[in-house]
$ cat target-v2.cif   # mmCIF, C-alpha atoms
data_entry
#
loop_
_atom_site.label_atom_id
_atom_site.label_comp_id
_atom_site.auth_asym_id
_atom_site.auth_seq_id
_atom_site.Cartn_x
_atom_site.Cartn_y
_atom_site.Cartn_z
CA MET W 62 29.47 -30.46 46.63
CA SER W 63 31.38 -32.67 49.06
CA ALA W 64 31.67 -32.00 52.79
CA VAL W 65 35.38 -31.29 52.29
CA GLU W 66 34.61 -28.73 49.59
CA ASP W 67 31.93 -27.21 51.85
CA ARG W 68 34.63 -26.85 54.53
CA ILE W 69 36.98 -25.21 52.02
CA ALA W 70 34.22 -22.75 51.09
CA SER W 71 33.49 -22.04 54.77
CA LEU W 72 37.11 -20.95 55.13
CA GLY W 73 36.57 -18.42 52.36
CA LEU W 74 38.58 -20.48 49.89
CA LYS W 75 37.79 -22.15 46.59
CA LEU W 76 39.17 -25.41 45.27
CA PRO W 77 41.08 -24.34 42.14
CA GLN W 78 41.31 -26.04 38.80
CA VAL W 79 44.19 -28.51 38.59
CA VAL W 80 47.42 -26.74 37.70
CA PRO W 81 48.53 -28.05 34.30
CA PRO W 82 51.88 -29.88 34.37
CA LEU W 83 54.95 -27.81 33.48
CA ALA W 84 56.76 -30.89 32.10
CA SER W 85 56.21 -34.60 31.44
CA TYR W 86 54.28 -35.81 34.51
CA GLN W 87 50.78 -36.13 35.91
CA PRO W 88 49.49 -33.82 38.68
CA ALA W 89 48.52 -36.91 40.70
CA VAL W 90 48.47 -40.69 40.36
CA ARG W 91 46.67 -43.39 42.29
CA SER W 92 48.28 -46.64 43.37
CA GLY W 93 45.97 -48.93 45.31
CA SER W 94 44.40 -46.93 48.13
CA TYR W 95 46.93 -44.08 47.90
CA VAL W 96 47.12 -40.95 45.80
CA PHE W 97 50.49 -39.28 45.32
CA THR W 98 50.58 -35.73 44.02
CA SER W 99 53.39 -34.21 42.06
CA GLY W 100 54.98 -31.18 43.63
CA GLN W 101 52.46 -28.36 43.53
CA LEU W 102 53.59 -24.77 43.08
CA PRO W 103 51.57 -21.88 44.55
CA MET W 104 49.93 -21.09 41.21
CA VAL W 105 46.86 -18.85 41.28
CA ASP W 106 44.95 -18.43 38.02
CA GLY W 107 47.93 -19.72 36.05
CA ALA W 108 50.58 -17.47 37.60
CA LEU W 109 52.87 -17.33 40.60
CA PRO W 110 51.87 -14.53 43.01
CA ALA W 111 55.53 -14.22 44.11
CA THR W 112 58.94 -15.44 43.03
CA GLY W 113 62.36 -15.64 44.62
CA LYS W 114 64.03 -16.97 47.72
CA VAL W 115 62.41 -17.08 51.14
CA GLY W 116 64.40 -14.90 53.50
CA ALA W 117 65.39 -12.58 50.65
CA GLU W 118 62.73 -11.54 48.09
CA VAL W 119 59.90 -13.39 49.85
CA SER W 120 59.08 -13.06 53.55
CA PRO W 121 58.55 -16.18 55.67
CA GLU W 122 54.96 -15.04 56.33
CA GLN W 123 54.22 -14.68 52.63
CA ALA W 124 55.87 -18.04 51.93
CA LYS W 125 53.67 -19.68 54.59
CA GLU W 126 50.59 -18.37 52.75
CA LEU W 127 52.02 -19.66 49.47
CA ALA W 128 52.52 -23.11 51.04
CA ALA W 129 48.81 -23.12 51.92
CA THR W 130 48.05 -22.35 48.26
CA CYS W 131 50.23 -25.31 47.29
CA ALA W 132 48.20 -27.56 49.61
CA LEU W 133 44.94 -26.37 48.06
CA ASN W 134 46.37 -27.09 44.61
CA ALA W 135 47.39 -30.55 45.83
CA LEU W 136 43.83 -31.24 46.99
CA ALA W 137 42.60 -30.22 43.53
CA ALA W 138 45.06 -32.74 42.05
CA VAL W 139 43.75 -35.45 44.39
CA LYS W 140 40.17 -34.66 43.38
CA SER W 141 41.12 -34.95 39.70
CA VAL W 142 42.05 -38.60 40.35
CA VAL W 143 39.36 -39.73 42.82
CA GLY W 144 36.46 -37.40 42.02
CA ASP W 145 35.36 -36.76 45.61
CA LEU W 146 37.54 -35.37 48.41
CA ASP W 147 35.24 -37.00 50.97
CA ARG W 148 36.99 -40.25 50.04
CA ILE W 149 40.16 -39.08 51.83
CA VAL W 150 40.82 -41.36 54.79
CA ARG W 151 43.84 -39.32 55.86
CA VAL W 152 46.76 -37.28 54.65
CA VAL W 153 49.70 -39.62 55.16
CA LYS W 154 52.69 -37.44 54.23
CA VAL W 155 53.47 -33.87 53.24
CA VAL W 156 56.79 -32.85 51.72
CA GLY W 157 57.55 -29.16 51.40
CA PHE W 158 60.44 -27.61 49.50
CA VAL W 159 61.41 -24.03 50.29
CA ALA W 160 63.68 -22.04 47.97
CA SER W 161 65.82 -20.50 50.68
CA ALA W 162 68.25 -17.63 51.01
CA PRO W 163 71.61 -19.02 52.25
CA ASP W 164 71.00 -18.01 55.87
CA PHE W 165 67.27 -18.89 56.04
CA THR W 166 66.50 -21.78 58.41
CA GLY W 167 62.75 -21.37 58.94
CA GLN W 168 61.58 -24.03 56.46
CA PRO W 169 59.35 -25.82 59.02
CA GLY W 170 57.45 -22.60 59.72
CA VAL W 171 56.88 -22.03 56.01
CA VAL W 172 55.59 -25.57 55.40
CA ASN W 173 53.28 -25.13 58.39
CA GLY W 174 51.12 -23.14 55.96
CA ALA W 175 50.31 -26.36 54.11
CA SER W 176 50.02 -28.48 57.26
CA GLU W 177 47.76 -26.04 59.07
CA LEU W 178 45.44 -25.64 56.08
CA LEU W 179 45.11 -29.40 55.64
CA GLY W 180 44.24 -29.64 59.34
CA GLU W 181 41.65 -26.86 59.06
CA ILE W 182 40.03 -28.54 56.07
CA LEU W 183 40.27 -32.20 57.06
CA GLY W 184 40.46 -32.15 60.87
CA ASP W 185 42.07 -35.30 62.27
CA LYS W 186 42.30 -36.74 58.73
CA GLY W 187 44.72 -33.93 57.93
CA VAL W 188 47.29 -34.93 60.59
CA HIS W 189 50.35 -36.26 58.75
CA ALA W 190 54.05 -37.06 58.72
CA ARG W 191 56.12 -34.33 57.08
CA SER W 192 59.44 -33.16 55.71
CA ALA W 193 60.41 -29.50 55.19
CA VAL W 194 63.46 -29.10 52.99
CA GLY W 195 65.44 -26.01 52.06
CA VAL W 196 66.60 -25.93 48.44
CA ALA W 197 68.60 -23.53 46.28
CA VAL W 198 65.96 -23.04 43.59
CA LEU W 199 62.56 -24.36 42.49
CA PRO W 200 60.89 -24.47 39.05
CA ILE W 201 60.04 -21.07 37.54
CA ASP W 202 61.62 -19.41 40.59
CA ALA W 203 58.75 -20.46 42.90
CA PRO W 204 59.43 -19.83 46.59
CA VAL W 205 57.76 -23.06 47.75
CA GLU W 206 56.53 -26.41 46.43
CA VAL W 207 54.42 -28.99 48.27
CA GLU W 208 53.50 -32.60 47.52
CA ILE W 209 51.09 -34.76 49.47
CA GLN W 210 50.27 -38.43 49.79
CA VAL W 211 46.74 -39.38 50.84
CA GLU W 212 44.96 -42.61 51.64
CA ILE W 213 41.61 -43.01 49.87
CA ALA W 214 38.59 -45.09 50.89
CA GLY W 215 37.19 -47.61 48.42
#

$ encode --input "target-v2.cif" --output "structure tokens"
Amino acid sequence: MSAVEDRIASLGLKLPQVVPPLASYQPAVRSGSYVFTSGQLPMVDGALPATGKVGAEVSPEQAKELAATCALNALAAVKSVVGDLDRIVRVVKVVGFVASAPDFTGQPGVVNGASELLGEILGDKGVHARSAVGVAVLPIDAPVEVEIQVEIAG
């Protein structure tokens, strides 16, 4: 097991299997020294633990936890392409989409779930640029979706 996966386990988490695509795309692709993930939903064992809009059916706190799940799924997608998460040089960019009730403006706090988990797992390598975007709806009524871009060694 890699040092990154050891760190994930020490946090009481487990790197999941790659979430199968819901349409015609790959979970992650490599171009040169970068891996770009597709948007990752907060799937757990093939299902969404919650659906709906943040600020309505889903609380901001629950959405923040779901964003962390998205980040873990994104790391699984990265591993599927490079084989070893210890090859991550750094997380370059995180983009989070939050299905938001009309008056909800706390998207940055929700996407912090992904950012904070990446920092806990990867330390300084997890520090990244980021966008947090409120949207009307996400696939299969997911409350949050996260994509990451990482630089890989070798």

$ closest_residue --input "target-v2.cif" --among "W:Val207, W:Ala162, W:Val142, W:Val171" --to "Arg91 (chain W)" --atoms "only C-alpha atoms"
W:Val142

$ closest_residue --input "target-v2.cif" --among "W:Val155, W:Glu66, W:Gly174, W:Thr98" --to "His189 (chain W)" --atoms "all atoms listed in the file"
W:Val155

$ residues_near_point --input "target-v2.cif" --point "(68.1, -18.9, 50.1)" --cutoff "7 Å" --atoms "only C-alpha atoms" --output "list in words"
Lys114, Val115, Gly116, Ala117, Ala160, Ser161, Ala162, Pro163, Asp164, Phe165 and Ala197 of chain W

$ closest_atom_pairs --input "target-v2.cif" --of "region 87-180 of chain W" --to "region 71-79 of chain W" --cutoff "7 Å" --atoms "all atoms listed in the file" --output "JSON lines"
{"residue": "W:Leu133", "atom": "CA", "partner": "W:Leu76", "partner_atom": "CA", "distance": 6.5}
{"residue": "W:Asn134", "atom": "CA", "partner": "W:Pro77", "partner_atom": "CA", "distance": 6.5}
{"residue": "W:Ala137", "atom": "CA", "partner": "W:Val79", "partner_atom": "CA", "distance": 5.5}
{"residue": "W:Ala138", "atom": "CA", "partner": "W:Val79", "partner_atom": "CA", "distance": 5.5}

$ closest_residue --input "target-v2.cif" --among "W:Ala89, W:Ala214, W:Glu206, W:Arg191" --to "Glu177 (chain W)" --atoms "only C-alpha atoms"
W:Arg191

$ atom_distance --input "target-v2.cif" --atom1 "CA of Val211 (chain W)" --atom2 "CA of Thr166 (chain W)"
27.5 Å

$ atom_distance --input "target-v2.cif" --atom1 "CA of Leu183 (chain W)" --atom2 "CA of Val159 (chain W)"
23.7 Å

$ decode --input "target-v2.cif" --residues "region 98-126 of chain W" --atoms "N, CA, C and O atoms" --output "tab-separated table (two decimals), in the first residue's frame"
chain	number	residue	atom	x	y	z
W	98	THR	N	-9.50	14.56	-13.72
W	98	THR	CA	-10.62	13.68	-13.44
W	98	THR	C	-11.89	14.28	-14.03
W	98	THR	O	-12.02	15.51	-14.16
W	99	SER	N	-12.81	13.42	-14.35
W	99	SER	CA	-14.16	13.86	-14.66
W	99	SER	C	-14.79	14.29	-13.34
W	99	SER	O	-14.27	13.99	-12.26
W	100	GLY	N	-15.90	14.98	-13.43
W	100	GLY	CA	-16.62	15.34	-12.21
W	100	GLY	C	-17.02	14.08	-11.46
W	100	GLY	O	-17.56	13.14	-12.04
W	101	GLN	N	-16.71	14.07	-10.18
W	101	GLN	CA	-16.99	12.91	-9.33
W	101	GLN	C	-18.17	13.24	-8.41
W	101	GLN	O	-18.15	14.25	-7.70
W	102	LEU	N	-19.17	12.39	-8.44
W	102	LEU	CA	-20.31	12.54	-7.54
W	102	LEU	C	-19.98	11.86	-6.22
W	102	LEU	O	-19.07	11.02	-6.15
W	103	PRO	N	-20.73	12.14	-5.17
W	103	PRO	CA	-20.46	11.53	-3.86
W	103	PRO	C	-21.03	10.12	-3.73
W	103	PRO	O	-21.72	9.80	-2.77
W	104	MET	N	-20.73	9.28	-4.70
W	104	MET	CA	-21.25	7.91	-4.69
W	104	MET	C	-20.55	7.09	-3.61
W	104	MET	O	-19.33	7.18	-3.44
W	105	VAL	N	-21.34	6.29	-2.90
W	105	VAL	CA	-20.83	5.36	-1.90
W	105	VAL	C	-21.47	4.02	-2.19
W	105	VAL	O	-22.71	3.91	-2.17
W	106	ASP	N	-20.65	3.03	-2.50
W	106	ASP	CA	-21.16	1.69	-2.84
W	106	ASP	C	-22.23	1.75	-3.92
W	106	ASP	O	-23.27	1.09	-3.82
W	107	GLY	N	-22.01	2.58	-4.93
W	107	GLY	CA	-22.90	2.63	-6.08
W	107	GLY	C	-24.15	3.46	-5.92
W	107	GLY	O	-25.02	3.44	-6.80
W	108	ALA	N	-24.28	4.19	-4.82
W	108	ALA	CA	-25.49	4.99	-4.61
W	108	ALA	C	-25.14	6.34	-4.00
W	108	ALA	O	-24.10	6.50	-3.35
W	109	LEU	N	-26.02	7.30	-4.23
W	109	LEU	CA	-25.87	8.61	-3.58
W	109	LEU	C	-26.44	8.54	-2.17
W	109	LEU	O	-27.58	8.10	-1.99
W	110	PRO	N	-25.70	8.98	-1.16
W	110	PRO	CA	-26.23	8.97	0.21
W	110	PRO	C	-27.27	10.06	0.44
W	110	PRO	O	-28.02	10.01	1.42
W	111	ALA	N	-27.33	11.06	-0.44
W	111	ALA	CA	-28.31	12.15	-0.33
W	111	ALA	C	-28.54	12.74	-1.70
W	111	ALA	O	-27.66	12.69	-2.56
W	112	THR	N	-29.72	13.29	-1.90
W	112	THR	CA	-30.04	13.98	-3.15
W	112	THR	C	-30.72	15.30	-2.83
W	112	THR	O	-31.22	15.49	-1.72
W	113	GLY	N	-30.72	16.19	-3.81
W	113	GLY	CA	-31.43	17.45	-3.65
W	113	GLY	C	-30.50	18.65	-3.63
W	113	GLY	O	-29.29	18.53	-3.84
W	114	LYS	N	-31.10	19.78	-3.36
W	114	LYS	CA	-30.39	21.06	-3.36
W	114	LYS	C	-29.82	21.37	-1.97
W	114	LYS	O	-30.47	21.16	-0.95
W	115	VAL	N	-28.61	21.92	-1.99
W	115	VAL	CA	-27.99	22.38	-0.74
W	115	VAL	C	-28.69	23.66	-0.33
W	115	VAL	O	-28.93	24.55	-1.15
W	116	GLY	N	-29.05	23.74	0.94
W	116	GLY	CA	-29.81	24.88	1.43
W	116	GLY	C	-31.30	24.60	1.42
W	116	GLY	O	-32.09	25.43	1.86
W	117	ALA	N	-31.69	23.44	0.93
W	117	ALA	CA	-33.10	23.02	0.94
W	117	ALA	C	-33.14	21.60	1.53
W	117	ALA	O	-33.18	21.45	2.74
W	118	GLU	N	-33.05	20.58	0.67
W	118	GLU	CA	-33.12	19.19	1.15
W	118	GLU	C	-31.85	18.72	1.82
W	118	GLU	O	-31.87	17.77	2.61
W	119	VAL	N	-30.72	19.34	1.50
W	119	VAL	CA	-29.42	18.93	2.02
W	119	VAL	C	-28.80	20.10	2.79
W	119	VAL	O	-28.75	21.22	2.27
W	120	SER	N	-28.34	19.83	4.00
W	120	SER	CA	-27.72	20.89	4.80
W	120	SER	C	-26.31	21.19	4.28
W	120	SER	O	-25.66	20.32	3.70
W	121	PRO	N	-25.83	22.41	4.51
W	121	PRO	CA	-24.45	22.72	4.12
W	121	PRO	C	-23.43	21.79	4.77
W	121	PRO	O	-22.44	21.42	4.12
W	122	GLU	N	-23.65	21.39	6.00
W	122	GLU	CA	-22.73	20.49	6.70
W	122	GLU	C	-22.69	19.11	6.03
W	122	GLU	O	-21.62	18.53	5.84
W	123	GLN	N	-23.88	18.62	5.68
W	123	GLN	CA	-23.93	17.32	5.01
W	123	GLN	C	-23.29	17.43	3.62
W	123	GLN	O	-22.55	16.53	3.20
W	124	ALA	N	-23.53	18.52	2.93
W	124	ALA	CA	-22.94	18.72	1.60
W	124	ALA	C	-21.41	18.79	1.69
W	124	ALA	O	-20.72	18.29	0.79
W	125	LYS	N	-20.89	19.40	2.74
W	125	LYS	CA	-19.43	19.47	2.92
W	125	LYS	C	-18.86	18.06	3.05
W	125	LYS	O	-17.82	17.75	2.46
W	126	GLU	N	-19.53	17.19	3.79
W	126	GLU	CA	-19.09	15.80	3.92
W	126	GLU	C	-19.17	15.08	2.57
W	126	GLU	O	-18.29	14.29	2.22
